[in-house]
file my_file02.cif (mmCIF, C-alpha atoms)
data_final
loop_
_atom_site.label_atom_id
_atom_site.label_comp_id
_atom_site.auth_asym_id
_atom_site.auth_seq_id
_atom_site.Cartn_x
_atom_site.Cartn_y
_atom_site.Cartn_z
CA MET U 89 -77.89 -122.78 1.39
CA GLN U 90 -80.48 -120.26 2.52
CA LEU U 91 -77.69 -118.24 4.10
CA ILE U 92 -75.76 -118.08 0.83
CA ARG U 93 -78.91 -117.18 -1.07
CA ASN U 94 -79.68 -114.38 1.37
CA ALA U 95 -76.11 -113.09 1.19
CA LEU U 96 -76.19 -113.08 -2.60
CA THR U 97 -79.57 -111.36 -2.67
CA GLY U 98 -78.31 -108.75 -0.21
CA ALA U 99 -75.16 -108.15 -2.24
CA GLY U 100 -77.20 -107.89 -5.43
CA LYS U 101 -79.50 -105.33 -3.88
CA THR U 102 -76.55 -103.29 -2.63
CA VAL U 103 -74.90 -103.26 -6.05
CA ASP U 104 -78.24 -102.53 -7.70
CA ASN U 105 -78.86 -99.65 -5.33
CA TRP U 106 -75.32 -98.29 -5.67
CA PHE U 107 -75.40 -98.37 -9.42
CA LEU U 108 -79.04 -97.86 -10.39
CA GLU U 109 -80.68 -95.87 -7.63
CA PRO U 110 -82.68 -92.88 -8.91
CA ILE U 111 -80.88 -89.54 -8.81
CA ASP U 112 -81.85 -85.93 -9.36
CA ALA U 113 -81.78 -85.29 -13.12
CA ARG U 114 -80.22 -81.88 -12.47
CA VAL U 115 -76.94 -83.58 -11.58
CA TYR U 116 -76.85 -85.13 -15.05
CA ALA U 117 -77.61 -81.69 -16.46
CA LEU U 118 -74.73 -80.22 -14.50
CA VAL U 119 -72.33 -82.84 -15.87
CA ARG U 120 -73.64 -82.26 -19.39
CA ILE U 121 -73.23 -78.49 -19.22
CA THR U 122 -69.75 -78.59 -17.70
CA TYR U 123 -68.72 -81.17 -20.32
CA ALA U 124 -69.98 -78.87 -23.10
CA VAL U 125 -67.95 -75.98 -21.70
CA VAL U 126 -64.84 -78.15 -21.58
CA VAL U 127 -65.26 -79.37 -25.18
CA LEU U 128 -65.76 -75.81 -26.36
CA ALA U 129 -62.61 -74.73 -24.50
CA VAL U 130 -60.63 -77.54 -26.15
CA VAL U 131 -61.94 -76.55 -29.59
CA ILE U 132 -60.81 -72.97 -28.92
CA GLU U 133 -57.42 -74.26 -27.72
CA LEU U 134 -56.99 -76.41 -30.85
CA TRP U 135 -58.21 -73.77 -33.28
CA PRO U 136 -54.82 -72.07 -33.96
CA VAL U 137 -53.11 -75.43 -34.63
CA ARG U 138 -55.95 -77.15 -36.49
CA ALA U 139 -54.14 -77.22 -39.84
CA ALA U 140 -50.92 -78.41 -38.20
CA LEU U 141 -52.56 -81.22 -36.30
CA PHE U 142 -55.43 -82.46 -38.42
CA SER U 143 -55.00 -81.53 -42.09
CA GLU U 144 -53.13 -83.63 -44.62
CA ASP U 145 -50.62 -80.74 -44.98
CA GLY U 146 -49.82 -80.82 -41.29
CA MET U 147 -47.63 -82.67 -38.85
CA SER U 148 -49.63 -85.74 -38.08
CA PHE U 149 -50.59 -88.94 -39.84
CA HIS U 150 -53.91 -90.10 -41.28
CA ARG U 151 -53.35 -93.75 -40.45
CA PRO U 152 -54.77 -96.08 -43.09
CA ASP U 153 -56.24 -98.28 -40.35
CA LEU U 154 -58.23 -95.42 -38.85
CA LEU U 155 -61.72 -96.63 -37.88
CA TRP U 156 -64.36 -95.92 -40.51
CA TYR U 157 -66.70 -94.08 -38.15
CA LEU U 158 -64.21 -91.34 -37.23
CA PRO U 159 -64.93 -88.09 -39.09
CA LEU U 160 -61.31 -87.03 -39.57
CA LYS U 161 -60.76 -90.11 -41.73
CA TYR U 162 -62.63 -88.28 -44.48
CA VAL U 163 -61.79 -84.67 -43.63
CA ARG U 164 -58.31 -83.80 -44.82
CA SER U 165 -58.00 -80.36 -46.41
CA GLN U 166 -57.42 -77.30 -44.24
CA ALA U 167 -60.77 -75.79 -45.23
CA ALA U 168 -62.61 -79.00 -44.41
CA VAL U 169 -60.89 -79.24 -41.00
CA THR U 170 -61.94 -75.64 -40.28
CA ALA U 171 -65.54 -76.40 -41.28
CA LEU U 172 -65.57 -79.53 -39.12
CA MET U 173 -64.32 -77.62 -36.10
CA VAL U 174 -67.00 -74.96 -36.57
CA GLY U 175 -69.50 -77.84 -36.59
CA VAL U 176 -67.99 -79.28 -33.42
CA GLY U 177 -68.17 -75.89 -31.71
CA THR U 178 -71.84 -75.71 -32.67
CA ALA U 179 -72.43 -79.22 -31.31
CA ALA U 180 -70.77 -78.17 -28.03
CA VAL U 181 -73.17 -75.22 -27.74
CA MET U 182 -76.10 -77.57 -28.51
CA MET U 183 -74.85 -79.94 -25.81
CA GLY U 184 -74.70 -77.11 -23.30
CA LEU U 185 -78.22 -76.00 -24.17
CA GLY U 186 -79.49 -79.58 -24.19
CA LEU U 187 -80.68 -79.29 -27.77
CA PHE U 188 -80.75 -82.65 -29.61
CA THR U 189 -78.50 -83.76 -26.80
CA ARG U 190 -77.92 -87.36 -27.89
CA PHE U 191 -76.90 -86.28 -31.38
CA ALA U 192 -74.60 -83.59 -29.99
CA ALA U 193 -73.06 -86.09 -27.54
CA LEU U 194 -72.37 -88.54 -30.38
CA ALA U 195 -70.79 -85.81 -32.53
CA LEU U 196 -68.55 -84.58 -29.70
CA TYR U 197 -67.47 -88.06 -28.68
CA LEU U 198 -66.58 -89.04 -32.26
CA TRP U 199 -64.74 -85.75 -32.73
CA ASN U 200 -62.65 -86.30 -29.63
CA PHE U 201 -61.95 -89.92 -30.53
CA ALA U 202 -60.93 -88.86 -34.06
CA TYR U 203 -58.66 -85.96 -33.16
CA CYS U 204 -56.89 -88.03 -30.53
CA ALA U 205 -56.29 -90.78 -33.12
CA ILE U 206 -55.04 -88.40 -35.83
CA GLY U 207 -53.17 -86.05 -33.50
CA TYR U 208 -52.01 -88.83 -31.16
CA PRO U 209 -48.48 -87.39 -30.67
CA ALA U 210 -50.04 -84.15 -29.40
CA GLU U 211 -52.56 -85.83 -27.13
CA SER U 212 -52.75 -84.49 -23.59
CA GLY U 213 -54.06 -86.16 -20.45
CA TYR U 214 -57.17 -84.00 -20.48
CA ASP U 215 -58.12 -85.23 -23.96
CA GLY U 216 -58.52 -88.67 -22.39
CA VAL U 217 -60.70 -87.25 -19.63
CA VAL U 218 -62.92 -85.48 -22.17
CA ARG U 219 -63.20 -88.59 -24.35
CA ILE U 220 -64.22 -90.80 -21.44
CA VAL U 221 -66.79 -88.31 -20.14
CA GLY U 222 -68.17 -88.01 -23.69
CA PHE U 223 -68.50 -91.78 -24.02
CA VAL U 224 -70.28 -92.12 -20.69
CA LEU U 225 -72.67 -89.24 -21.45
CA LEU U 226 -73.51 -90.89 -24.75
CA LEU U 227 -74.76 -93.91 -22.80
CA ALA U 228 -76.34 -91.92 -19.97
CA PRO U 229 -80.10 -92.00 -19.41
CA PRO U 230 -82.01 -89.13 -21.01
CA ALA U 231 -82.29 -86.33 -18.47
CA ARG U 232 -84.00 -83.33 -20.01
CA VAL U 233 -83.75 -80.92 -17.12
CA TRP U 234 -82.13 -77.58 -17.95
CA ALA U 235 -82.40 -78.62 -21.58
CA LEU U 236 -84.24 -77.38 -24.65
CA ASP U 237 -84.97 -81.04 -25.42
CA GLY U 238 -87.34 -80.93 -22.46
CA ARG U 239 -89.49 -78.41 -24.31
CA ILE U 240 -89.33 -80.30 -27.58
CA PHE U 241 -89.61 -83.93 -26.49
CA GLY U 242 -91.15 -83.68 -23.02
CA LYS U 243 -89.44 -83.81 -19.64
CA GLY U 244 -88.26 -87.40 -19.60
CA HIS U 245 -86.99 -88.96 -16.35
CA GLU U 246 -86.85 -86.60 -13.40
CA SER U 247 -85.05 -89.26 -11.41
CA PRO U 248 -82.95 -91.26 -13.86
CA PRO U 249 -80.73 -94.12 -12.65
CA ARG U 250 -77.31 -92.98 -11.58
CA TYR U 251 -75.15 -95.57 -13.39
CA ALA U 252 -73.44 -93.06 -15.70
CA LEU U 253 -72.58 -90.81 -12.79
CA ARG U 254 -71.15 -93.81 -10.93
CA CYS U 255 -68.94 -94.59 -13.93
CA LEU U 256 -67.62 -91.03 -13.88
CA GLN U 257 -67.04 -91.20 -10.14
CA VAL U 258 -65.08 -94.44 -10.47
CA GLN U 259 -63.11 -92.89 -13.34
CA LEU U 260 -62.13 -89.96 -11.14
CA GLY U 261 -60.96 -92.41 -8.50
CA ILE U 262 -58.89 -94.32 -11.05
CA ILE U 263 -57.19 -91.13 -12.27
CA TYR U 264 -56.06 -90.11 -8.80
CA VAL U 265 -55.10 -93.59 -7.63
CA CYS U 266 -53.05 -94.20 -10.80
CA THR U 267 -51.30 -90.86 -10.67
CA VAL U 268 -50.37 -91.27 -6.99
CA TRP U 269 -49.23 -94.85 -7.67
CA LEU U 270 -46.92 -93.58 -10.43
CA LYS U 271 -45.62 -90.54 -8.59
CA ALA U 272 -45.04 -91.87 -5.10
CA PRO U 273 -41.93 -94.00 -5.88
CA ASP U 274 -40.17 -91.15 -7.73
CA SER U 275 -37.19 -89.72 -5.86
CA TYR U 276 -38.09 -86.07 -6.66
CA TRP U 277 -41.60 -86.49 -5.30
CA ARG U 278 -40.18 -88.15 -2.20
CA SER U 279 -37.50 -85.51 -1.61
CA GLY U 280 -40.02 -82.72 -2.09
CA GLU U 281 -37.92 -81.12 -4.85
CA LEU U 282 -40.41 -81.77 -7.62
CA MET U 283 -42.34 -78.53 -7.30
CA ALA U 284 -39.14 -76.45 -7.38
CA TYR U 285 -38.24 -78.03 -10.73
CA PHE U 286 -41.82 -77.81 -12.01
CA MET U 287 -42.04 -74.12 -11.15
CA MET U 288 -38.79 -73.39 -13.02
CA SER U 289 -39.95 -75.35 -16.07
CA MET U 290 -41.79 -74.48 -19.27
CA TYR U 291 -45.09 -75.40 -17.56
CA SER U 292 -44.80 -72.63 -14.97
CA ARG U 293 -46.28 -69.17 -15.23
CA LEU U 294 -43.37 -67.79 -13.18
CA PRO U 295 -40.31 -69.83 -14.19
CA VAL U 296 -37.59 -68.10 -12.21
CA ALA U 297 -34.44 -69.52 -10.62
CA GLU U 298 -35.56 -68.25 -7.20
CA TRP U 299 -37.62 -71.43 -6.84
CA ALA U 300 -34.32 -73.24 -6.29
CA PHE U 301 -33.91 -71.27 -3.05
CA TRP U 302 -37.42 -71.92 -1.73
CA GLY U 303 -36.77 -75.47 -0.59
CA ARG U 304 -39.32 -75.66 2.22
CA THR U 305 -42.06 -74.17 0.03
CA SER U 306 -41.26 -76.81 -2.58
CA VAL U 307 -41.43 -79.65 -0.06
CA LEU U 308 -44.77 -78.46 1.31
CA MET U 309 -46.22 -78.01 -2.19
CA THR U 310 -44.90 -81.38 -3.44
CA TRP U 311 -46.04 -83.46 -0.49
CA GLY U 312 -49.23 -81.41 -0.19
CA SER U 313 -50.29 -82.09 -3.75
CA LEU U 314 -49.47 -85.81 -3.46
CA LEU U 315 -51.40 -86.09 -0.22
CA THR U 316 -54.33 -84.15 -1.67
CA GLU U 317 -54.46 -86.36 -4.76
CA ALA U 318 -54.41 -89.44 -2.56
CA MET U 319 -57.22 -88.18 -0.33
CA ILE U 320 -59.62 -86.65 -2.86
CA PRO U 321 -61.31 -89.84 -4.16
CA PHE U 322 -61.82 -91.24 -0.64
CA ALA U 323 -63.23 -87.92 0.58
CA LEU U 324 -65.59 -87.60 -2.38
CA PHE U 325 -66.96 -91.12 -1.93
CA SER U 326 -67.52 -90.57 1.76
CA THR U 327 -70.78 -89.02 2.89
CA ARG U 328 -69.12 -87.18 5.75
CA PHE U 329 -66.12 -85.70 3.93
CA ARG U 330 -67.57 -85.17 0.44
CA ARG U 331 -67.52 -81.39 0.66
CA TRP U 332 -63.91 -81.55 1.87
CA GLY U 333 -63.24 -83.54 -1.30
CA PHE U 334 -64.64 -80.70 -3.38
CA LEU U 335 -62.57 -78.17 -1.45
CA MET U 336 -59.38 -80.19 -1.88
CA GLY U 337 -60.11 -80.58 -5.59
CA LEU U 338 -60.68 -76.85 -5.89
CA ALA U 339 -57.41 -76.12 -4.08
CA LEU U 340 -55.43 -78.62 -6.17
CA HIS U 341 -56.84 -77.81 -9.59
CA GLY U 342 -57.29 -74.11 -8.86
CA GLY U 343 -53.63 -74.01 -7.87
CA ILE U 344 -52.62 -75.81 -11.06
CA ALA U 345 -54.72 -73.43 -13.18
CA ILE U 346 -53.27 -70.34 -11.56
CA SER U 347 -49.62 -71.35 -11.38
CA SER U 348 -49.12 -73.36 -14.56
CA THR U 349 -49.87 -73.46 -18.26
CA ILE U 350 -51.85 -76.71 -17.96
CA GLY U 351 -55.02 -75.14 -16.63
CA MET U 352 -57.02 -76.99 -19.29
CA PHE U 353 -56.50 -80.18 -17.29
CA SER U 354 -58.13 -78.54 -14.29
CA LEU U 355 -61.09 -77.50 -16.42
CA ALA U 356 -61.43 -81.00 -17.90
CA MET U 357 -61.76 -82.50 -14.41
CA VAL U 358 -64.83 -80.38 -13.58
CA PRO U 359 -67.44 -82.77 -15.14
CA LEU U 360 -65.97 -85.65 -13.10
CA TYR U 361 -66.38 -83.61 -9.92
CA ALA U 362 -69.89 -82.60 -11.02
CA ALA U 363 -70.80 -86.31 -10.96
CA PHE U 364 -70.40 -86.17 -7.15
CA VAL U 365 -72.84 -83.29 -6.69
CA SER U 366 -76.03 -84.20 -4.82
CA SER U 367 -79.58 -82.96 -5.05
CA GLU U 368 -79.04 -81.06 -1.80
CA ASP U 369 -75.98 -79.32 -3.25
CA VAL U 370 -78.02 -78.12 -6.23
CA ASP U 371 -80.78 -76.87 -3.90
CA TYR U 372 -78.15 -75.10 -1.79
CA LEU U 373 -76.65 -73.39 -4.84
CA ILE U 374 -80.07 -72.33 -6.05
CA SER U 375 -81.03 -70.94 -2.65
CA ARG U 376 -77.69 -69.13 -2.49
CA TYR U 377 -77.88 -67.65 -5.96
CA GLY U 378 -81.45 -66.43 -6.47
CA TRP U 379 -81.16 -65.90 -10.22
CA LEU U 380 -80.73 -69.65 -10.71
CA LYS U 381 -84.30 -70.12 -9.48
CA GLN U 382 -85.56 -68.63 -12.72
CA LEU U 383 -83.80 -71.36 -14.67
CA THR U 384 -84.44 -74.41 -12.58
CA PRO U 385 -87.37 -76.64 -11.77
CA ARG U 386 -87.69 -78.05 -8.26
CA ALA U 387 -85.92 -81.19 -7.24
CA PRO U 388 -88.09 -84.26 -7.76
CA LYS U 389 -89.40 -85.82 -4.55
CA MET J 106 -61.55 -98.29 -17.07
CA VAL J 107 -59.54 -100.57 -14.85
CA SER J 108 -58.28 -102.80 -17.66
CA ALA J 109 -56.99 -99.77 -19.60
CA ASN J 110 -54.74 -98.98 -16.66
CA LEU J 111 -53.21 -102.40 -16.02
CA PRO J 112 -49.46 -102.16 -16.57
CA PHE J 113 -47.62 -104.14 -19.27
CA THR J 114 -44.55 -104.47 -17.13
CA THR J 115 -45.63 -107.20 -14.71
CA ALA J 116 -44.96 -110.93 -15.16
CA PHE J 117 -48.40 -111.12 -16.78
CA GLY J 118 -47.15 -108.92 -19.66
CA SER J 119 -50.17 -107.90 -21.72
CA GLU J 120 -52.21 -111.01 -20.82
CA LEU J 121 -54.42 -109.18 -18.33
CA ARG J 122 -55.32 -106.53 -20.88
CA ARG J 123 -55.75 -108.78 -23.88
CA PRO J 124 -59.48 -109.55 -23.41
CA PHE J 125 -60.23 -105.82 -23.40
CA VAL J 126 -57.91 -104.62 -26.14
CA HIS J 127 -60.51 -104.64 -28.91
CA TYR J 128 -63.14 -103.01 -26.75
CA ILE J 129 -60.73 -100.24 -25.74
CA GLY J 130 -59.58 -99.71 -29.35
CA TYR J 131 -63.02 -99.61 -30.96
CA VAL J 132 -64.56 -97.21 -28.47
CA GLY J 133 -61.43 -95.09 -27.95
CA LEU J 134 -61.17 -95.63 -24.23
CA TRP J 135 -57.40 -95.89 -23.93
CA GLN J 136 -56.12 -93.94 -20.96
CA ASN J 137 -52.80 -93.17 -19.39
CA TRP J 138 -52.32 -91.10 -16.27
CA VAL J 139 -48.56 -90.69 -16.40
CA MET J 140 -48.65 -86.98 -15.59
CA PHE J 141 -45.54 -85.43 -14.10
CA HIS J 142 -44.57 -88.73 -12.50
CA THR J 143 -41.10 -87.17 -12.31
CA ILE J 144 -39.67 -83.68 -12.87
CA PRO J 145 -40.03 -81.85 -16.20
CA HIS J 146 -36.66 -81.39 -17.89
CA PHE J 147 -37.02 -78.19 -19.92
CA ARG J 148 -37.38 -74.48 -19.33
CA ALA J 149 -37.96 -73.63 -23.02
CA LEU J 150 -38.00 -75.32 -26.44
CA ARG J 151 -37.18 -74.39 -29.99
CA PRO J 152 -37.63 -77.30 -32.40
CA MET J 153 -36.03 -76.96 -35.85
CA LEU J 154 -36.19 -79.10 -38.96
CA VAL J 155 -32.77 -79.94 -40.37
CA ALA J 156 -32.56 -80.80 -44.08
CA ARG J 157 -29.35 -82.44 -45.30
CA TYR J 158 -28.30 -82.45 -48.96
CA PRO J 159 -25.99 -84.64 -51.01
CA GLY J 160 -22.44 -83.32 -50.49
CA GLY J 161 -22.99 -82.56 -46.80
CA ALA J 162 -24.72 -79.16 -46.92
CA GLN J 163 -27.61 -78.62 -44.52
CA THR J 164 -30.34 -76.05 -43.98
CA GLU J 165 -32.60 -75.29 -41.01
CA HIS J 166 -36.31 -74.55 -41.15
CA GLY J 167 -39.16 -73.78 -38.79
CA ALA J 168 -40.67 -76.99 -37.44
CA MET J 169 -44.36 -76.21 -37.90
CA LEU J 170 -46.25 -77.55 -40.89
CA PRO J 171 -47.80 -76.42 -43.10
CA GLY J 172 -45.48 -73.58 -44.11
CA LEU J 173 -42.30 -74.42 -42.13
CA THR J 174 -43.19 -71.66 -39.68
CA ARG J 175 -41.48 -71.20 -36.34
CA TYR J 176 -42.72 -72.98 -33.24
CA LYS J 177 -44.74 -70.86 -30.85
CA PRO J 178 -44.81 -72.23 -27.30
CA ARG J 179 -47.89 -74.35 -26.65
CA THR J 180 -48.02 -77.16 -24.13
CA ARG J 181 -49.67 -79.54 -26.58
CA MET J 182 -47.21 -78.86 -29.38
CA GLY J 183 -44.30 -79.08 -26.97
CA SER J 184 -45.42 -82.62 -26.12
CA LEU J 185 -45.58 -83.43 -29.82
CA PHE J 186 -41.99 -82.32 -30.39
CA PHE J 187 -40.74 -84.27 -27.37
CA ARG J 188 -42.39 -87.35 -28.80
CA TYR J 189 -40.93 -86.72 -32.27
CA THR J 190 -37.47 -86.23 -30.80
CA TRP J 191 -37.55 -89.39 -28.69
CA PRO J 192 -40.26 -91.46 -30.40
CA THR J 193 -41.64 -94.65 -28.92
CA ASN J 194 -42.86 -97.41 -31.24
CA ASP J 195 -46.43 -96.09 -31.34
CA ILE J 196 -45.20 -92.61 -32.34
CA LEU J 197 -42.75 -93.71 -35.06
CA PRO J 198 -45.25 -93.81 -37.98
CA TYR J 199 -46.48 -90.33 -37.10
CA GLY J 200 -42.94 -88.97 -36.84
CA ARG J 201 -41.83 -90.50 -40.12
CA ALA J 202 -44.91 -89.12 -41.90
CA TYR J 203 -44.13 -85.66 -40.46
CA LEU J 204 -40.53 -85.71 -41.65
CA GLN J 205 -41.54 -87.03 -45.09
CA ARG J 206 -44.03 -84.19 -45.42
CA ALA J 207 -41.34 -81.74 -44.31
CA CYS J 208 -39.14 -83.01 -47.18
CA GLY J 209 -41.87 -82.03 -49.67
CA GLU J 210 -42.44 -78.68 -47.99
CA VAL J 211 -38.72 -77.79 -48.09
CA PHE J 212 -38.58 -78.77 -51.77
CA LYS J 213 -41.66 -76.64 -52.47
CA GLN J 214 -40.15 -73.60 -50.76
CA THR J 215 -36.50 -73.86 -51.86
CA GLY J 216 -36.66 -75.84 -55.09
CA LYS J 217 -33.98 -78.19 -53.73
CA GLN J 218 -34.67 -81.76 -52.75
CA PRO J 219 -32.97 -82.72 -49.47
CA SER J 220 -31.54 -86.21 -49.15
CA THR J 221 -32.59 -86.65 -45.51
CA MET J 222 -34.69 -84.80 -42.95
CA THR J 223 -34.53 -84.80 -39.18
CA LEU J 224 -35.69 -82.75 -36.22
CA ARG J 225 -33.43 -80.92 -33.78
CA LEU J 226 -34.75 -79.85 -30.41
CA ASP J 227 -32.90 -76.77 -29.18
CA SER J 228 -33.81 -76.09 -25.60
CA LEU J 229 -33.02 -74.65 -22.24
CA ARG J 230 -32.63 -77.79 -20.18
CA LEU J 231 -33.40 -77.41 -16.48
CA GLN J 232 -30.34 -77.32 -14.26
CA SER J 233 -30.08 -79.10 -10.94
CA LEU J 234 -31.30 -77.00 -8.03
CA ALA J 235 -27.71 -76.60 -6.83
CA ASP J 236 -26.61 -75.24 -10.24
CA ALA J 237 -29.67 -72.99 -10.47
CA ARG J 238 -28.78 -71.53 -7.07
CA ARG J 239 -25.18 -71.02 -8.16
CA THR J 240 -25.85 -69.48 -11.59
CA LEU J 241 -29.26 -67.89 -10.87
CA LYS J 242 -30.48 -69.39 -14.14
CA PRO J 243 -33.09 -72.14 -14.27
CA GLY J 244 -31.85 -73.66 -17.53
CA LYS J 245 -28.81 -74.08 -19.74
CA PRO J 246 -28.74 -74.39 -23.56
CA ALA J 247 -28.90 -77.88 -25.03
CA SER J 248 -29.51 -79.46 -28.40
CA ASP J 249 -30.85 -82.93 -29.16
CA PHE J 250 -31.38 -84.58 -32.51
CA SER J 251 -34.36 -86.81 -33.11
CA THR J 252 -33.62 -90.51 -33.29
CA MET J 253 -35.52 -90.42 -36.61
CA ASN J 254 -33.62 -89.40 -39.74
CA VAL J 255 -35.82 -89.96 -42.76
CA PRO J 256 -34.66 -90.26 -46.39
CA CYS J 257 -36.46 -87.80 -48.65
CA ASN J 258 -36.80 -89.91 -51.78
#

call {"tool": "encode", "arguments": {"input": "my_file02.cif", "output": "structure tokens"}}
result
Amino acid sequence: MQLIRNALTGAGKTVDNWFLEPIDARVYALVRITYAVVVLAVVIELWPVRAALFSEDGMSFHRPDLLWYLPLKYVRSQAAVTALMVGVGTAAVMMGLGLFTRFAALALYLWNFAYCAIGYPAESGYDGVVRIVGFVLLLAPPARVWALDGRIFGKGHESPPRYALRCLQVQLGIIYVCTVWLKAPDSYWRSGELMAYFMMSMYSRLPVAEWAFWGRTSVLMTWGSLLTEAMIPFALFSTRFRRWGFLMGLALHGGIAISSTIGMFSLAMVPLYAAFVSSEDVDYLISRYGWLKQLTPRAPK
Amino acid sequence: MVSANLPFTTAFGSELRRPFVHYIGYVGLWQNWVMFHTIPHFRALRPMLVARYPGGAQTEHGAMLPGLTRYKPRTRMGSLFFRYTWPTNDILPYGRAYLQRACGEVFKQTGKQPSTMTLRLDSLRLQSLADARRTLKPGKPASDFSTMNVPCN
């Protein structure tokens, strides 16, 4: 009996430590700032098609069962959609600056939820990433480092619990595991031809027929990206290979951003990677780039 | 997170997801990571609205609303037109609403009320690698009509 009790206590402590251990508040700040940049980028991307996607004159559908707390339920004219998007852009800037952060996080999360519900047929994978990060940040502990809120409301926790970062880390793992699970059985992924087709397609920045002749390049790129996607979450969760995880992520998503028209997905993944940054990484960056010292307080002991 | 990714296609059907469905719906945490799980099929797209009139006449219009303007390539809008051409059950109400609105827009611009409205996806469909090597062209012209054809009344 005592053995079971000890085992349960030990397991509880491990889970408690894994999920709630104190973490440098600057990591939360990093996630918050990168998230704000991503939301702003999505607003800019949506701006030219705002009337088409969100107004009642456009191409989508204001479902009658839309949840009452979603702003686009009540915003229907083209002018009102434009005004709302200006407001969302402002909220993204506030989020980046850490000004009334909780309010800004709520506004951005509801905006993303609403536009994905109204513009569901035009939803992209990165919209889901942004929505999930927004939801988690809404429930994250207040961390007022690198934030104007710190000047207004006081500093808050310097070492908040890391549960929200853990959620984002697990989410990153789920994304890669699911995508590898879905891709691996496909015959084009297995034959290594997928990248040749992808690079000739509408998603490529250089869609020329020559890709059909570069068979070995295609095989290396196809298998390389599948292998990288499979390895990234394990590397990031490991203490020893974490920086390799960052490098592989940079290679994969940097490659996608450079070679294809879906660079927004690469950008949207940045806050999830930021959740893996450690206090030592932030110190390293600050020591490397002197001008950051002016902006940042020291890491809490 | 995990429950949102459980597949519907196992012997469990939707049973495993059922306890979480309301939670996922009310907080907007649906997620789907089907991203390039197989090859893309198109080199270029040009969606067109096709209005048909009593007597068999038909007219073509730009697919973008409002204004029936021409489609300009955008990844997000390309996805929308794929989904409106081959709609799944969850997309059908959106697609029908789009085509209904297109009926009104065509009437507003031309003064003629079409009897039905549909979407045609003109495209360059990717060729097989062997054909691309032989012709030195990545795609060949194709045309697909949407499975939705909506009455305008």

call {"tool": "closest_atom_pairs", "arguments": {"input": "my_file02.cif", "of": "chain U", "to": "chain J", "cutoff": "6 Å", "atoms": "all atoms listed in the file", "output": "CSV"}}
result
residue,atom,partner,partner_atom,distance
U:Ala140,CA,J:Leu170,CA,5.5
U:Asp145,CA,J:Pro171,CA,5.5
U:Gly146,CA,J:Leu170,CA,4.9
U:Met147,CA,J:Tyr203,CA,4.9
U:Ser148,CA,J:Tyr199,CA,5.7
U:Phe149,CA,J:Tyr199,CA,5.1
U:Phe201,CA,J:Gly133,CA,5.8
U:Pro209,CA,J:Leu185,CA,5.0
U:Ala210,CA,J:Leu185,CA,4.5
U:Gly216,CA,J:Gln136,CA,6.0
U:Thr267,CA,J:Trp138,CA,5.7
U:Leu270,CA,J:His142,CA,5.8
U:Lys271,CA,J:His142,CA,4.4
U:Leu282,CA,J:Ile144,CA,5.6
U:Met288,CA,J:Pro243,CA,6.0
U:Ser289,CA,J:Arg148,CA,4.2
U:Met290,CA,J:Arg148,CA,4.4
U:Ala297,CA,J:Pro243,CA,4.7
U:Ala300,CA,J:Leu234,CA,5.1

call {"tool": "residues_near_point", "arguments": {"input": "my_file02.cif", "point": "(-80.2, -95.8, -5.8)", "cutoff": "12 Å", "atoms": "only C-alpha atoms", "output": "list in words"}}
result
Lys101, Thr102, Val103, Asp104, Asn105, Trp106, Phe107, Leu108, Glu109, Pro110, Ile111, Asp112, Ser247, Pro248, Pro249, Arg250, Tyr251, Leu253 and Arg254 of chain U

call {"tool": "atom_distance", "arguments": {"input": "my_file02.cif", "atom1": "CA of Val217 (chain U)", "atom2": "CA of Met357 (chain U)"}}
result
7.1 Å

call {"tool": "atom_distance", "arguments": {"input": "my_file02.cif", "atom1": "CA of Leu121 (chain J)", "atom2": "CA of Ser108 (chain J)"}}
result
7.5 Å

call {"tool": "closest_residue", "arguments": {"input": "my_file02.cif", "among": "J:Ser119, J:Thr114, J:Thr193, J:Thr164", "to": "Phe212 (chain J)", "atoms": "all atoms listed in the file"}}
result
J:Thr164

call {"tool": "residues_around", "arguments": {"input": "my_file02.cif", "residues": "Ala202 (chain U)", "least_positions_apart": "3", "cutoff": "9 Å", "atoms": "only C-alpha atoms", "output": "list in words"}}
result
Leu154, Leu155, Tyr157, Leu158, Pro159, Leu160, Lys161, Tyr197, Leu198, Trp199, Ala205, Ile206 and Gly207 of chain U; Gly133 of chain J

call {"tool": "atom_distance", "arguments": {"input": "my_file02.cif", "atom1": "CA of Val358 (chain U)", "atom2": "CA of Gly337 (chain U)"}}
result
9.3 Å

call {"tool": "residues_around", "arguments": {"input": "my_file02.cif", "residues": "Thr189 (chain U)", "least_positions_apart": "6", "cutoff": "8 Å", "atoms": "all atoms listed in the file", "output": "ChimeraX atom specification"}}
result
/U:182-183,237

call {"tool": "residues_around", "arguments": {"input": "my_file02.cif", "residues": "Val174 (chain U)", "least_positions_apart": "4", "cutoff": "12 Å", "atoms": "all atoms listed in the file", "output": "list in words"}}
result
Leu128, Val131, Ile132, Leu134, Trp135, Arg138, Ala167, Ala168, Val169, Thr170, Thr178, Ala179, Ala180, Val181, Leu196 and Trp199 of chain U
